[in-house]
>>> print(open('query_27.json').read())   # JSON, N, CA and C atoms
[["chain", "number", "residue", "atom", "x", "y", "z"],
["A", 1393, "MET", "N", 2.29, -9.65, -34.70],
["A", 1393, "MET", "CA", 0.99, -9.09, -34.36],
["A", 1393, "MET", "C", 0.42, -9.71, -33.08],
["A", 1394, "ALA", "N", 0.46, -11.03, -32.99],
["A", 1394, "ALA", "CA", -0.10, -11.69, -31.82],
["A", 1394, "ALA", "C", 0.68, -11.29, -30.56],
["A", 1395, "ARG", "N", 1.99, -11.14, -30.72],
["A", 1395, "ARG", "CA", 2.82, -10.75, -29.58],
["A", 1395, "ARG", "C", 2.45, -9.34, -29.12],
["A", 1396, "GLU", "N", 2.23, -8.42, -30.06],
["A", 1396, "GLU", "CA", 1.85, -7.05, -29.71],
["A", 1396, "GLU", "C", 0.50, -7.02, -29.00],
["A", 1397, "ARG", "N", -0.44, -7.83, -29.44],
["A", 1397, "ARG", "CA", -1.75, -7.90, -28.77],
["A", 1397, "ARG", "C", -1.60, -8.42, -27.36],
["A", 1398, "HIS", "N", -0.72, -9.42, -27.21],
["A", 1398, "HIS", "CA", -0.47, -9.99, -25.88],
["A", 1398, "HIS", "C", 0.13, -8.92, -24.96],
["A", 1399, "LEU", "N", 1.11, -8.16, -25.48],
["A", 1399, "LEU", "CA", 1.72, -7.09, -24.69],
["A", 1399, "LEU", "C", 0.72, -6.00, -24.36],
["A", 1400, "ASP", "N", -0.14, -5.66, -25.32],
["A", 1400, "ASP", "CA", -1.17, -4.66, -25.06],
["A", 1400, "ASP", "C", -2.06, -5.10, -23.89],
["A", 1401, "GLY", "N", -2.40, -6.38, -23.87],
["A", 1401, "GLY", "CA", -3.22, -6.91, -22.78],
["A", 1401, "GLY", "C", -2.50, -6.82, -21.44],
["A", 1402, "LEU", "N", -1.21, -7.12, -21.46],
["A", 1402, "LEU", "CA", -0.42, -7.05, -20.23],
["A", 1402, "LEU", "C", -0.29, -5.60, -19.74],
["A", 1403, "PHE", "N", -0.06, -4.67, -20.66],
["A", 1403, "PHE", "CA", 0.03, -3.26, -20.27],
["A", 1403, "PHE", "C", -1.30, -2.77, -19.71],
["A", 1404, "LYS", "N", -2.39, -3.19, -20.32],
["A", 1404, "LYS", "CA", -3.72, -2.80, -19.84],
["A", 1404, "LYS", "C", -3.93, -3.33, -18.42],
["A", 1405, "ARG", "N", -3.54, -4.58, -18.19],
["A", 1405, "ARG", "CA", -3.69, -5.18, -16.86],
["A", 1405, "ARG", "C", -2.81, -4.45, -15.84],
["A", 1406, "LEU", "N", -1.60, -4.06, -16.24],
["A", 1406, "LEU", "CA", -0.71, -3.33, -15.35],
["A", 1406, "LEU", "C", -1.32, -1.98, -14.96],
["A", 1407, "VAL", "N", -1.85, -1.26, -15.92],
["A", 1407, "VAL", "CA", -2.47, 0.04, -15.63],
["A", 1407, "VAL", "C", -3.67, -0.13, -14.71],
["A", 1408, "GLN", "N", -4.49, -1.13, -14.94],
["A", 1408, "GLN", "CA", -5.65, -1.38, -14.08],
["A", 1408, "GLN", "C", -5.22, -1.71, -12.67],
["A", 1409, "THR", "N", -4.15, -2.48, -12.53],
["A", 1409, "THR", "CA", -3.65, -2.86, -11.20],
["A", 1409, "THR", "C", -3.12, -1.64, -10.46],
["A", 1410, "ILE", "N", -2.38, -0.79, -11.16],
["A", 1410, "ILE", "CA", -1.86, 0.42, -10.54],
["A", 1410, "ILE", "C", -3.01, 1.34, -10.11],
["A", 1411, "GLU", "N", -3.99, 1.50, -10.97],
["A", 1411, "GLU", "CA", -5.14, 2.34, -10.63],
["A", 1411, "GLU", "C", -5.89, 1.79, -9.42],
["A", 1412, "ALA", "N", -6.06, 0.48, -9.36],
["A", 1412, "ALA", "CA", -6.75, -0.13, -8.21],
["A", 1412, "ALA", "C", -5.94, 0.07, -6.93],
["A", 1413, "SER", "N", -4.63, -0.04, -7.03],
["A", 1413, "SER", "CA", -3.78, 0.16, -5.86],
["A", 1413, "SER", "C", -3.87, 1.59, -5.34],
["A", 1414, "LEU", "N", -3.84, 2.55, -6.25],
["A", 1414, "LEU", "CA", -3.96, 3.95, -5.86],
["A", 1414, "LEU", "C", -5.32, 4.24, -5.24],
["A", 1415, "SER", "N", -6.37, 3.66, -5.81],
["A", 1415, "SER", "CA", -7.72, 3.85, -5.27],
["A", 1415, "SER", "C", -7.83, 3.25, -3.87],
["A", 1416, "ALA", "N", -7.22, 2.08, -3.67],
["A", 1416, "ALA", "CA", -7.27, 1.43, -2.36],
["A", 1416, "ALA", "C", -6.54, 2.26, -1.32],
["A", 1417, "THR", "N", -5.42, 2.86, -1.69],
["A", 1417, "THR", "CA", -4.68, 3.70, -0.76],
["A", 1417, "THR", "C", -5.51, 4.92, -0.39],
["A", 1418, "ASP", "N", -6.15, 5.54, -1.38],
["A", 1418, "ASP", "CA", -7.01, 6.69, -1.12],
["A", 1418, "ASP", "C", -8.16, 6.30, -0.19],
["A", 1419, "ALA", "N", -8.77, 5.14, -0.45],
["A", 1419, "ALA", "CA", -9.88, 4.69, 0.38],
["A", 1419, "ALA", "C", -9.43, 4.42, 1.81],
["A", 1420, "ALA", "N", -8.25, 3.83, 1.97],
["A", 1420, "ALA", "CA", -7.72, 3.57, 3.31],
["A", 1420, "ALA", "C", -7.45, 4.88, 4.04],
["A", 1421, "ARG", "N", -6.85, 5.86, 3.35],
["A", 1421, "ARG", "CA", -6.58, 7.16, 3.96],
["A", 1421, "ARG", "C", -7.88, 7.83, 4.39],
["A", 1422, "ASP", "N", -8.89, 7.80, 3.51],
["A", 1422, "ASP", "CA", -10.18, 8.40, 3.83],
["A", 1422, "ASP", "C", -10.82, 7.75, 5.04],
["A", 1423, "ALA", "N", -10.72, 6.42, 5.12],
["A", 1423, "ALA", "CA", -11.30, 5.70, 6.25],
["A", 1423, "ALA", "C", -10.60, 6.06, 7.55],
["A", 1424, "VAL", "N", -9.27, 6.12, 7.54],
["A", 1424, "VAL", "CA", -8.52, 6.49, 8.73],
["A", 1424, "VAL", "C", -8.88, 7.91, 9.17],
["A", 1425, "GLN", "N", -8.95, 8.82, 8.22],
["A", 1425, "GLN", "CA", -9.30, 10.20, 8.56],
["A", 1425, "GLN", "C", -10.70, 10.30, 9.14],
["A", 1426, "GLU", "N", -11.64, 9.54, 8.62],
["A", 1426, "GLU", "CA", -13.01, 9.55, 9.14],
["A", 1426, "GLU", "C", -13.06, 8.98, 10.56],
["A", 1427, "ILE", "N", -12.31, 7.92, 10.80],
["A", 1427, "ILE", "CA", -12.25, 7.33, 12.14],
["A", 1427, "ILE", "C", -11.69, 8.33, 13.13],
["A", 1428, "LEU", "N", -10.60, 9.00, 12.75],
["A", 1428, "LEU", "CA", -9.99, 10.00, 13.64],
["A", 1428, "LEU", "C", -10.92, 11.18, 13.86],
["A", 1429, "LYS", "N", -11.62, 11.60, 12.81],
["A", 1429, "LYS", "CA", -12.55, 12.72, 12.92],
["A", 1429, "LYS", "C", -13.67, 12.42, 13.90],
["A", 1430, "ARG", "N", -14.05, 11.16, 14.00],
["A", 1430, "ARG", "CA", -15.12, 10.76, 14.91],
["A", 1430, "ARG", "C", -14.62, 10.50, 16.32],
["A", 1431, "GLY", "N", -13.31, 10.75, 16.55],
["A", 1431, "GLY", "CA", -12.77, 10.67, 17.89],
["A", 1431, "GLY", "C", -12.19, 9.33, 18.29],
["A", 1432, "ALA", "N", -12.13, 8.39, 17.41],
["A", 1432, "ALA", "CA", -11.56, 7.08, 17.74],
["A", 1432, "ALA", "C", -10.09, 7.05, 17.34],
["A", 1433, "ASP", "N", -9.38, 6.10, 17.86],
["A", 1433, "ASP", "CA", -7.97, 5.91, 17.53],
["A", 1433, "ASP", "C", -7.84, 4.78, 16.52],
["A", 1434, "THR", "N", -6.77, 4.81, 15.78],
["A", 1434, "THR", "CA", -6.49, 3.72, 14.84],
["A", 1434, "THR", "C", -5.10, 3.20, 15.10],
["A", 1435, "GLY", "N", -4.87, 2.00, 14.67],
["A", 1435, "GLY", "CA", -3.54, 1.42, 14.75],
["A", 1435, "GLY", "C", -3.32, 0.53, 13.54],
["A", 1436, "ILE", "N", -2.13, 0.57, 13.01],
["A", 1436, "ILE", "CA", -1.78, -0.29, 11.89],
["A", 1436, "ILE", "C", -0.57, -1.09, 12.33],
["A", 1437, "PHE", "N", -0.65, -2.39, 12.20],
["A", 1437, "PHE", "CA", 0.42, -3.27, 12.63],
["A", 1437, "PHE", "C", 0.97, -4.01, 11.42],
["A", 1438, "PHE", "N", 2.27, -4.08, 11.36],
["A", 1438, "PHE", "CA", 2.93, -4.80, 10.28],
["A", 1438, "PHE", "C", 3.58, -6.04, 10.87],
["A", 1439, "ALA", "N", 3.40, -7.15, 10.21],
["A", 1439, "ALA", "CA", 4.03, -8.39, 10.66],
["A", 1439, "ALA", "C", 5.50, -8.37, 10.25],
["A", 1440, "GLY", "N", 6.35, -8.99, 11.04],
["A", 1440, "GLY", "CA", 7.75, -9.08, 10.70],
["A", 1440, "GLY", "C", 7.95, -9.92, 9.44],
["A", 1441, "VAL", "N", 9.04, -9.70, 8.79],
["A", 1441, "VAL", "CA", 9.37, -10.43, 7.57],
["A", 1441, "VAL", "C", 10.45, -11.45, 7.88],
["A", 1442, "LYS", "N", 10.24, -12.66, 7.46],
["A", 1442, "LYS", "CA", 11.22, -13.70, 7.71],
["A", 1442, "LYS", "C", 12.40, -13.52, 6.75],
["A", 1443, "SER", "N", 13.57, -13.46, 7.31],
["A", 1443, "SER", "CA", 14.78, -13.33, 6.49],
["A", 1443, "SER", "C", 15.73, -14.47, 6.86],
["A", 1444, "ARG", "N", 16.87, -14.47, 6.26],
["A", 1444, "ARG", "CA", 17.84, -15.56, 6.50],
["A", 1444, "ARG", "C", 18.22, -15.67, 7.97],
["A", 1445, "GLY", "N", 18.39, -14.55, 8.64],
["A", 1445, "GLY", "CA", 18.84, -14.57, 10.03],
["A", 1445, "GLY", "C", 17.72, -14.57, 11.04],
["A", 1446, "GLY", "N", 16.49, -14.75, 10.63],
["A", 1446, "GLY", "CA", 15.36, -14.72, 11.55],
["A", 1446, "GLY", "C", 14.30, -13.79, 11.03],
["A", 1447, "PHE", "N", 13.67, -13.05, 11.94],
["A", 1447, "PHE", "CA", 12.61, -12.13, 11.55],
["A", 1447, "PHE", "C", 13.12, -10.69, 11.63],
["A", 1448, "SER", "N", 12.67, -9.88, 10.69],
["A", 1448, "SER", "CA", 13.01, -8.46, 10.68],
["A", 1448, "SER", "C", 11.75, -7.66, 10.98],
["A", 1449, "VAL", "N", 11.88, -6.67, 11.84],
["A", 1449, "VAL", "CA", 10.74, -5.81, 12.16],
["A", 1449, "VAL", "C", 10.90, -4.43, 11.53],
["A", 1450, "GLU", "N", 11.87, -4.29, 10.65],
["A", 1450, "GLU", "CA", 12.10, -3.03, 9.95],
["A", 1450, "GLU", "C", 11.00, -2.79, 8.93],
["A", 1451, "LEU", "N", 10.55, -1.55, 8.83],
["A", 1451, "LEU", "CA", 9.59, -1.20, 7.79],
["A", 1451, "LEU", "C", 10.31, -1.12, 6.45],
["A", 1452, "THR", "N", 9.68, -1.67, 5.44],
["A", 1452, "THR", "CA", 10.25, -1.58, 4.10],
["A", 1452, "THR", "C", 9.93, -0.21, 3.50],
["A", 1453, "ALA", "N", 10.56, 0.11, 2.41],
["A", 1453, "ALA", "CA", 10.26, 1.37, 1.71],
["A", 1453, "ALA", "C", 8.80, 1.40, 1.30],
["A", 1454, "GLN", "N", 8.27, 0.25, 0.91],
["A", 1454, "GLN", "CA", 6.85, 0.17, 0.52],
["A", 1454, "GLN", "C", 5.94, 0.42, 1.73],
["A", 1455, "ASP", "N", 6.30, -0.13, 2.89],
["A", 1455, "ASP", "CA", 5.53, 0.12, 4.11],
["A", 1455, "ASP", "C", 5.49, 1.61, 4.42],
["A", 1456, "LYS", "N", 6.67, 2.25, 4.36],
["A", 1456, "LYS", "CA", 6.75, 3.68, 4.67],
["A", 1456, "LYS", "C", 5.95, 4.52, 3.68],
["A", 1457, "GLU", "N", 6.01, 4.15, 2.40],
["A", 1457, "GLU", "CA", 5.25, 4.87, 1.38],
["A", 1457, "GLU", "C", 3.75, 4.76, 1.64],
["A", 1458, "PHE", "N", 3.30, 3.57, 2.02],
["A", 1458, "PHE", "CA", 1.89, 3.36, 2.33],
["A", 1458, "PHE", "C", 1.47, 4.23, 3.52],
["A", 1459, "LEU", "N", 2.29, 4.25, 4.56],
["A", 1459, "LEU", "CA", 1.97, 5.04, 5.74],
["A", 1459, "LEU", "C", 1.91, 6.53, 5.40],
["A", 1460, "ARG", "N", 2.85, 7.00, 4.60],
["A", 1460, "ARG", "CA", 2.83, 8.42, 4.20],
["A", 1460, "ARG", "C", 1.56, 8.73, 3.41],
["A", 1461, "ALA", "N", 1.12, 7.80, 2.58],
["A", 1461, "ALA", "CA", -0.12, 8.00, 1.81],
["A", 1461, "ALA", "C", -1.32, 8.15, 2.73],
["A", 1462, "LEU", "N", -1.23, 7.57, 3.92],
["A", 1462, "LEU", "CA", -2.30, 7.67, 4.91],
["A", 1462, "LEU", "C", -2.09, 8.85, 5.85],
["A", 1463, "SER", "N", -1.11, 9.69, 5.54],
["A", 1463, "SER", "CA", -0.75, 10.85, 6.36],
["A", 1463, "SER", "C", -0.23, 10.43, 7.73],
["A", 1464, "ILE", "N", 0.47, 9.32, 7.77],
["A", 1464, "ILE", "CA", 1.10, 8.81, 8.99],
["A", 1464, "ILE", "C", 2.62, 8.91, 8.81],
["A", 1465, "LYS", "N", 3.29, 9.52, 9.78],
["A", 1465, "LYS", "CA", 4.74, 9.62, 9.71],
["A", 1465, "LYS", "C", 5.35, 8.30, 10.14],
["A", 1466, "PRO", "N", 6.01, 7.58, 9.23],
["A", 1466, "PRO", "CA", 6.52, 6.26, 9.56],
["A", 1466, "PRO", "C", 7.73, 6.27, 10.48],
["A", 1467, "ASP", "N", 8.32, 7.42, 10.74],
["A", 1467, "ASP", "CA", 9.52, 7.48, 11.57],
["A", 1467, "ASP", "C", 9.22, 7.54, 13.05],
["A", 1468, "ARG", "N", 7.96, 7.55, 13.43],
["A", 1468, "ARG", "CA", 7.58, 7.62, 14.84],
["A", 1468, "ARG", "C", 7.72, 6.28, 15.49]]
>>> encode(input="query_27.json", output="structure tokens")
Amino acid sequence: MARERHLDGLFKRLVQTIEASLSATDAARDAVQEILKRGADTGIFFAGVKSRGGFSVELTAQDKEFLRALSIKPDR
């Protein structure tokens, strides 16, 4: 019983985290669209990731997914 309650709490926290992440992405997209609508430009910069051989400037799948959520084509 105690284990099930603990898991229920973890699942609840996971759902809340996912919902917050989705809301943040929506808010970011809305903000970018409003900035563009008002005639200003936006830029999003990603820092390189340190790997064994140095730094990588490749976008991760997560980076690309975030950009698509903002209606930005990551392949440009």
>>> select_by_dssp(input="query_27.json", residues="chain A", states="strand (DSSP E or B)", output="PyMOL selection string")
chain A and resi 1441-1443+1446-1448
>>> closest_residue(input="query_27.json", among="A:Gly1401, A:Leu1462, A:Asp1455, A:Thr1434", to="Asp1418 in chain A", atoms="only N, CA and C atoms")
A:Leu1462
>>> atom_distance(input="query_27.json", atom1="atom C of Ser1415 in chain A", atom2="atom N of Ala1453 in chain A")
19.7 Å
>>> atom_distance(input="query_27.json", atom1="CA of Ser1413 in chain A", atom2="CA of Leu1459 in chain A")
13.8 Å
>>> atom_distance(input="query_27.json", atom1="CA of Asp1467 in chain A", atom2="CA of Thr1452 in chain A")
11.8 Å
>>> select_by_dssp(input="query_27.json", residues="chain A", states="helix (DSSP H, G or I)", output="ChimeraX atom specification")
/A:1394-1429,1453-1461
>>> closest_residue(input="query_27.json", among="A:Lys1404, A:Phe1458, A:Arg1395, A:Ile1464", to="Gly1435 in chain A", atoms="only C-alpha atoms")
A:Ile1464
>>> decode(input="query_27.json", residues="chain A", atoms="C-alpha atoms", output="mmCIF file, in the first residue's frame")
data_model
loop_
_atom_site.group_PDB
_atom_site.id
_atom_site.type_symbol
_atom_site.label_atom_id
_atom_site.label_comp_id
_atom_site.auth_asym_id
_atom_site.auth_seq_id
_atom_site.Cartn_x
_atom_site.Cartn_y
_atom_site.Cartn_z
ATOM 1 C CA MET A 1393 0.000 0.000 0.000
ATOM 2 C CA ALA A 1394 2.681 2.507 0.954
ATOM 3 C CA ARG A 1395 4.577 1.714 -2.237
ATOM 4 C CA GLU A 1396 1.458 2.320 -4.359
ATOM 5 C CA ARG A 1397 0.878 5.687 -2.661
ATOM 6 C CA HIS A 1398 4.495 6.607 -3.319
ATOM 7 C CA LEU A 1399 4.118 5.659 -6.999
ATOM 8 C CA ASP A 1400 0.857 7.595 -7.234
ATOM 9 C CA GLY A 1401 2.713 10.661 -5.961
ATOM 10 C CA LEU A 1402 5.483 10.170 -8.504
ATOM 11 C CA PHE A 1403 3.001 9.756 -11.369
ATOM 12 C CA LYS A 1404 1.166 12.886 -10.258
ATOM 13 C CA ARG A 1405 4.449 14.815 -10.199
ATOM 14 C CA LEU A 1406 5.343 13.497 -13.665
ATOM 15 C CA VAL A 1407 2.003 14.607 -15.119
ATOM 16 C CA GLN A 1408 2.355 18.054 -13.529
ATOM 17 C CA THR A 1409 5.868 18.412 -14.938
ATOM 18 C CA ILE A 1410 4.753 17.429 -18.432
ATOM 19 C CA GLU A 1411 1.825 19.844 -18.278
ATOM 20 C CA ALA A 1412 4.112 22.667 -17.114
ATOM 21 C CA SER A 1413 6.555 21.918 -19.932
ATOM 22 C CA LEU A 1414 3.805 22.005 -22.543
ATOM 23 C CA SER A 1415 2.439 25.259 -21.110
ATOM 24 C CA ALA A 1416 5.910 26.825 -21.169
ATOM 25 C CA THR A 1417 6.374 25.856 -24.813
ATOM 26 C CA ASP A 1418 2.995 27.363 -25.694
ATOM 27 C CA ALA A 1419 3.871 30.548 -23.803
ATOM 28 C CA ALA A 1420 7.236 30.798 -25.574
ATOM 29 C CA ARG A 1421 5.590 30.305 -28.980
ATOM 30 C CA ASP A 1422 2.969 32.952 -28.189
ATOM 31 C CA ALA A 1423 5.648 35.404 -27.075
ATOM 32 C CA VAL A 1424 7.718 34.876 -30.235
ATOM 33 C CA GLN A 1425 4.647 35.306 -32.429
ATOM 34 C CA GLU A 1426 3.691 38.529 -30.622
ATOM 35 C CA ILE A 1427 7.217 39.909 -31.010
ATOM 36 C CA LEU A 1428 7.191 39.118 -34.735
ATOM 37 C CA LYS A 1429 3.700 40.573 -35.130
ATOM 38 C CA ARG A 1430 4.955 43.848 -33.671
ATOM 39 C CA GLY A 1431 7.713 43.976 -36.278
ATOM 40 C CA ALA A 1432 10.714 43.004 -34.189
ATOM 41 C CA ASP A 1433 13.097 40.141 -34.848
ATOM 42 C CA THR A 1434 13.883 37.307 -32.493
ATOM 43 C CA GLY A 1435 16.836 35.021 -32.128
ATOM 44 C CA ILE A 1436 17.323 31.858 -30.152
ATOM 45 C CA PHE A 1437 20.840 30.697 -29.421
ATOM 46 C CA PHE A 1438 21.831 27.280 -28.177
ATOM 47 C CA ALA A 1439 25.070 26.735 -26.321
ATOM 48 C CA GLY A 1440 27.310 23.925 -27.518
ATOM 49 C CA VAL A 1441 27.331 20.688 -25.580
ATOM 50 C CA LYS A 1442 30.576 19.410 -24.168
ATOM 51 C CA SER A 1443 31.317 15.900 -25.354
ATOM 52 C CA ARG A 1444 34.318 13.601 -25.147
ATOM 53 C CA GLY A 1445 35.978 15.097 -28.217
ATOM 54 C CA GLY A 1446 35.283 18.743 -27.379
ATOM 55 C CA PHE A 1447 32.176 20.806 -27.991
ATOM 56 C CA SER A 1448 29.318 19.893 -30.300
ATOM 57 C CA VAL A 1449 27.187 22.544 -31.973
ATOM 58 C CA GLU A 1450 24.682 20.043 -33.356
ATOM 59 C CA LEU A 1451 21.066 20.543 -32.357
ATOM 60 C CA THR A 1452 19.658 17.655 -30.379
ATOM 61 C CA ALA A 1453 16.306 16.068 -31.181
ATOM 62 C CA GLN A 1454 14.922 17.920 -28.159
ATOM 63 C CA ASP A 1455 16.270 21.246 -29.477
ATOM 64 C CA LYS A 1456 14.631 20.629 -32.857
ATOM 65 C CA GLU A 1457 11.330 19.632 -31.249
ATOM 66 C CA PHE A 1458 11.335 22.836 -29.189
ATOM 67 C CA LEU A 1459 12.017 24.954 -32.272
ATOM 68 C CA ARG A 1460 9.217 23.258 -34.216
ATOM 69 C CA ALA A 1461 6.853 23.970 -31.305
ATOM 70 C CA LEU A 1462 7.733 27.641 -31.771
ATOM 71 C CA SER A 1463 6.999 27.351 -35.512
ATOM 72 C CA ILE A 1464 10.706 27.662 -36.323
ATOM 73 C CA LYS A 1465 12.219 25.343 -38.921
ATOM 74 C CA PRO A 1466 15.333 23.924 -37.245
ATOM 75 C CA ASP A 1467 16.946 22.921 -40.544
ATOM 76 C CA ARG A 1468 17.699 26.513 -41.552
#
